[in-house]
Amino acid sequence: MAKIYETWGAVGIILFILPLMLARHSFKLYMDTRQMYLDTVQALVTAIEAKDLYTKGHSERVAEFAVETARELDWPEHKIETLRYMALLHDIGKIAIPDVILNKSTRLSPQEYNRIKDHAVVGAEIIKQVKNLGDAYLMVRHYHERMDGSGYPDGLKGEEIPMGARIIAVADCFDAMTSNRVYRAGRSPREAIQELQKCGGAELDSQVVQAFVQAWEKRLAPKWEKQILTEIETGAARGEIAAAQAEE
């Protein structure tokens with residue numbers, strides 16, 4: 001700094017400090033904008049889970065499972081951050097589904113099931129309005145596609161399905177299988193992993209399934225396995241009580 005002053009005087013000091021000040025201001029603006037976006041995402045997730053009584057915590061778990069899977073696949077952090085947002089918002093389209101269908105405790109009619117399937121397209125259209133996310137909305141549109149083309153909404157298959165959507169699909173399937181529902185108790189993590197491996201290649205991307213299993217064994221199981229098993233046991237107990245009450 002002294003050398004700059006000796007050589008260039010006060011003008012040199014100003015020219016040296018000004019870019020640093022601008023960079024600091026730009027960084028603060030970026031962080032403030034990012035935090036505002038994260039707060040908005042969290043508010044939307046809360047709104048989704050307030051509608052769907054059976055999926056509390058589902059979006060956060062799917063996001064964490066997807067992120068750890070992407071790390072096993074050596075995704076760069078900036079792509080992982082976008083994946084995290086899309087995984088958090090993958091069910092946002094359920095906002096447009098009537099509560100009476102979303103929370104129905106009996107089997108859905110074909111018409112009701114088709115209405116449920118609309119949530120992927122609706123969610124993608126909502127996210128598409130956020131211009132700085134580019135084509136990330138396609139992860140939400142296509143996470144119900146299957147490798148053999150049997151999924152929805154567009155019947156994509158194989159490499160036609162965005163990799164982010166394939167990652168979210170595996171994370172979503174695992175959480176759905178290990179979560180309690182009103183009509184069944186959840187499966188254990190080990191049983192769910194075995195089912196994912198059976199579906200690898202035909203319905204799910206086998207490379208993504210393998211990456212998820214590695215992430216589960218290294219980092220996810222120590223945090224989640226005991227909690228999942230406890231919730232399954234609690235749900236099973238509640239189901240037995242409800243069944244006994246129904247018989248009385």
# chains A, B, ... in the order shown; residues from 1 in each chain; ligands from 1
$ residues_around --residues "Ala176 in chain A" --least-positions-apart "6" --cutoff "12 Å" --atoms "only C-alpha atoms" --output "ChimeraX atom specification"
/A:54-59,61-62,168-170,184-189,192-193,195-196,228
$ residues_around --residues "range 114-121 of chain A" --least-positions-apart "5" --cutoff "12 Å" --atoms "only C-alpha atoms" --output "MDAnalysis selection string"
chainID A and resid 48 52 86 89:104 108:109 126:128 137:145 151:154 165 169
$ write_last_selection --atoms "N, CA and C atoms" --output "compact mmCIF listing (two decimals), in the first residue's frame"
# COMPACT_ATOMS: atom_id res chain seq x y z
N ILE A 48 -46.05 -26.99 0.44
CA ILE A 48 -46.33 -28.30 -0.15
C ILE A 48 -46.67 -29.31 0.95
N ASP A 52 -49.88 -31.97 1.81
CA ASP A 52 -49.75 -33.42 1.75
C ASP A 52 -49.39 -33.94 3.14
N MET A 86 -33.84 -28.17 -6.91
CA MET A 86 -34.85 -28.91 -7.67
C MET A 86 -35.39 -30.08 -6.87
N LEU A 89 -37.86 -28.86 -4.44
CA LEU A 89 -39.09 -28.40 -5.08
C LEU A 89 -39.73 -29.44 -5.99
N HIS A 90 -39.27 -30.68 -5.93
CA HIS A 90 -39.75 -31.66 -6.92
C HIS A 90 -41.25 -31.92 -6.82
N ASP A 91 -41.85 -31.68 -5.66
CA ASP A 91 -43.29 -31.90 -5.49
C ASP A 91 -44.10 -30.61 -5.49
N ILE A 92 -43.50 -29.51 -5.90
CA ILE A 92 -44.20 -28.22 -5.82
C ILE A 92 -45.50 -28.22 -6.62
N GLY A 93 -45.58 -29.03 -7.67
CA GLY A 93 -46.79 -29.09 -8.48
C GLY A 93 -47.99 -29.63 -7.72
N LYS A 94 -47.77 -30.26 -6.57
CA LYS A 94 -48.89 -30.77 -5.77
C LYS A 94 -49.74 -29.65 -5.20
N ILE A 95 -49.22 -28.44 -5.24
CA ILE A 95 -50.01 -27.28 -4.81
C ILE A 95 -51.30 -27.20 -5.62
N ALA A 96 -51.26 -27.66 -6.87
CA ALA A 96 -52.42 -27.57 -7.75
C ALA A 96 -53.35 -28.78 -7.64
N ILE A 97 -52.99 -29.78 -6.83
CA ILE A 97 -53.81 -30.98 -6.69
C ILE A 97 -54.79 -30.80 -5.53
N PRO A 98 -56.08 -31.07 -5.73
CA PRO A 98 -57.05 -30.92 -4.64
C PRO A 98 -56.67 -31.77 -3.42
N ASP A 99 -56.85 -31.21 -2.24
CA ASP A 99 -56.51 -31.93 -1.00
C ASP A 99 -57.25 -33.26 -0.89
N VAL A 100 -58.49 -33.31 -1.37
CA VAL A 100 -59.30 -34.52 -1.24
C VAL A 100 -58.66 -35.68 -2.01
N ILE A 101 -57.93 -35.38 -3.07
CA ILE A 101 -57.22 -36.42 -3.83
C ILE A 101 -55.86 -36.69 -3.19
N LEU A 102 -55.16 -35.63 -2.85
CA LEU A 102 -53.80 -35.74 -2.33
C LEU A 102 -53.74 -36.55 -1.04
N ASN A 103 -54.74 -36.37 -0.19
CA ASN A 103 -54.74 -37.02 1.12
C ASN A 103 -55.75 -38.17 1.23
N LYS A 104 -56.17 -38.69 0.10
CA LYS A 104 -57.12 -39.80 0.11
C LYS A 104 -56.48 -41.04 0.70
N LEU A 108 -56.80 -44.73 -5.28
CA LEU A 108 -57.21 -43.67 -6.20
C LEU A 108 -57.89 -44.27 -7.42
N SER A 109 -58.86 -43.57 -7.96
CA SER A 109 -59.46 -43.97 -9.23
C SER A 109 -58.49 -43.63 -10.35
N ILE A 126 -43.98 -24.02 -13.01
CA ILE A 126 -43.77 -23.01 -11.96
C ILE A 126 -42.30 -22.62 -11.90
N ILE A 127 -41.42 -23.62 -11.87
CA ILE A 127 -39.98 -23.36 -11.75
C ILE A 127 -39.42 -22.72 -13.01
N LYS A 128 -40.01 -23.02 -14.15
CA LYS A 128 -39.55 -22.47 -15.42
C LYS A 128 -39.60 -20.95 -15.43
N TYR A 137 -35.53 -26.80 -14.57
CA TYR A 137 -36.92 -27.24 -14.35
C TYR A 137 -37.19 -28.61 -14.95
N LEU A 138 -36.36 -29.03 -15.93
CA LEU A 138 -36.56 -30.33 -16.56
C LEU A 138 -36.32 -31.48 -15.57
N MET A 139 -35.51 -31.23 -14.53
CA MET A 139 -35.34 -32.26 -13.50
C MET A 139 -36.66 -32.57 -12.82
N VAL A 140 -37.45 -31.53 -12.59
CA VAL A 140 -38.75 -31.69 -11.93
C VAL A 140 -39.76 -32.30 -12.89
N ARG A 141 -39.74 -31.88 -14.13
CA ARG A 141 -40.69 -32.42 -15.11
C ARG A 141 -40.48 -33.91 -15.33
N HIS A 142 -39.22 -34.37 -15.26
CA HIS A 142 -38.92 -35.72 -15.73
C HIS A 142 -38.49 -36.71 -14.65
N TYR A 143 -38.64 -36.37 -13.36
CA TYR A 143 -38.14 -37.33 -12.36
C TYR A 143 -39.04 -38.56 -12.22
N HIS A 144 -40.23 -38.54 -12.85
CA HIS A 144 -41.08 -39.74 -12.87
C HIS A 144 -40.92 -40.53 -14.17
N GLU A 145 -40.02 -40.11 -15.04
CA GLU A 145 -39.72 -40.91 -16.23
C GLU A 145 -38.95 -42.16 -15.78
N GLY A 151 -42.38 -44.35 -17.85
CA GLY A 151 -42.75 -43.30 -16.91
C GLY A 151 -43.56 -42.18 -17.55
N TYR A 152 -43.68 -41.08 -16.83
CA TYR A 152 -44.46 -39.93 -17.30
C TYR A 152 -43.74 -38.64 -16.94
N PRO A 153 -44.04 -37.52 -17.58
CA PRO A 153 -45.21 -37.27 -18.45
C PRO A 153 -44.95 -37.49 -19.94
N ASP A 154 -43.68 -37.63 -20.35
CA ASP A 154 -43.37 -37.65 -21.78
C ASP A 154 -42.86 -38.98 -22.30
N ALA A 165 -32.74 -35.51 -13.09
CA ALA A 165 -34.03 -36.16 -12.87
C ALA A 165 -33.84 -37.61 -12.45
N ALA A 169 -35.09 -39.21 -8.97
CA ALA A 169 -35.97 -40.38 -9.03
C ALA A 169 -35.54 -41.44 -8.02
$ atom_distance --atom1 "CA of Asn132 in chain A" --atom2 "CA of Arg146 in chain A"
27.6 Å
$ closest_residue --among "A:Gln227, A:Thr46, A:Thr82, A:Gln194" --to "Gly164 in chain A" --atoms "only C-alpha atoms"
A:Thr82
$ residues_around --residues "Leu73 in chain A" --least-positions-apart "2" --cutoff "9 Å" --atoms "only C-alpha atoms" --output "ChimeraX atom specification"
/A:68-71,75,207-208,211
$ write_last_selection --atoms "C-alpha atoms" --output "PDB file, in the first residue's frame"
ATOM      1  CA  GLU A  68     -24.997 -37.102  -1.571  1.00  0.00           C
ATOM      2  CA  THR A  69     -25.658 -39.271  -4.626  1.00  0.00           C
ATOM      3  CA  ALA A  70     -24.443 -36.493  -6.930  1.00  0.00           C
ATOM      4  CA  ARG A  71     -21.262 -36.197  -4.871  1.00  0.00           C
ATOM      5  CA  TRP A  75     -20.717 -33.535  -9.748  1.00  0.00           C
ATOM      6  CA  GLN A 207     -25.260 -46.105 -12.163  1.00  0.00           C
ATOM      7  CA  VAL A 208     -27.280 -43.705 -10.016  1.00  0.00           C
ATOM      8  CA  ALA A 211     -23.926 -44.161  -6.370  1.00  0.00           C
TER       9      ALA A 211
END
$ atom_distance --atom1 "CA of Arg84 in chain A" --atom2 "CA of Ala63 in chain A"
5.3 Å
$ closest_residue --among "A:Glu77, A:Tyr113, A:Asp148, A:Ala47" --to "Gly201 in chain A" --atoms "only C-alpha atoms"
A:Asp148
$ closest_residue --among "A:Val122, A:Leu44, A:Ala202, A:Leu156" --to "Leu88 in chain A" --atoms "only C-alpha atoms"
A:Leu44
$ atom_distance --atom1 "CA of Met177 in chain A" --atom2 "CA of Glu112 in chain A"
21.2 Å
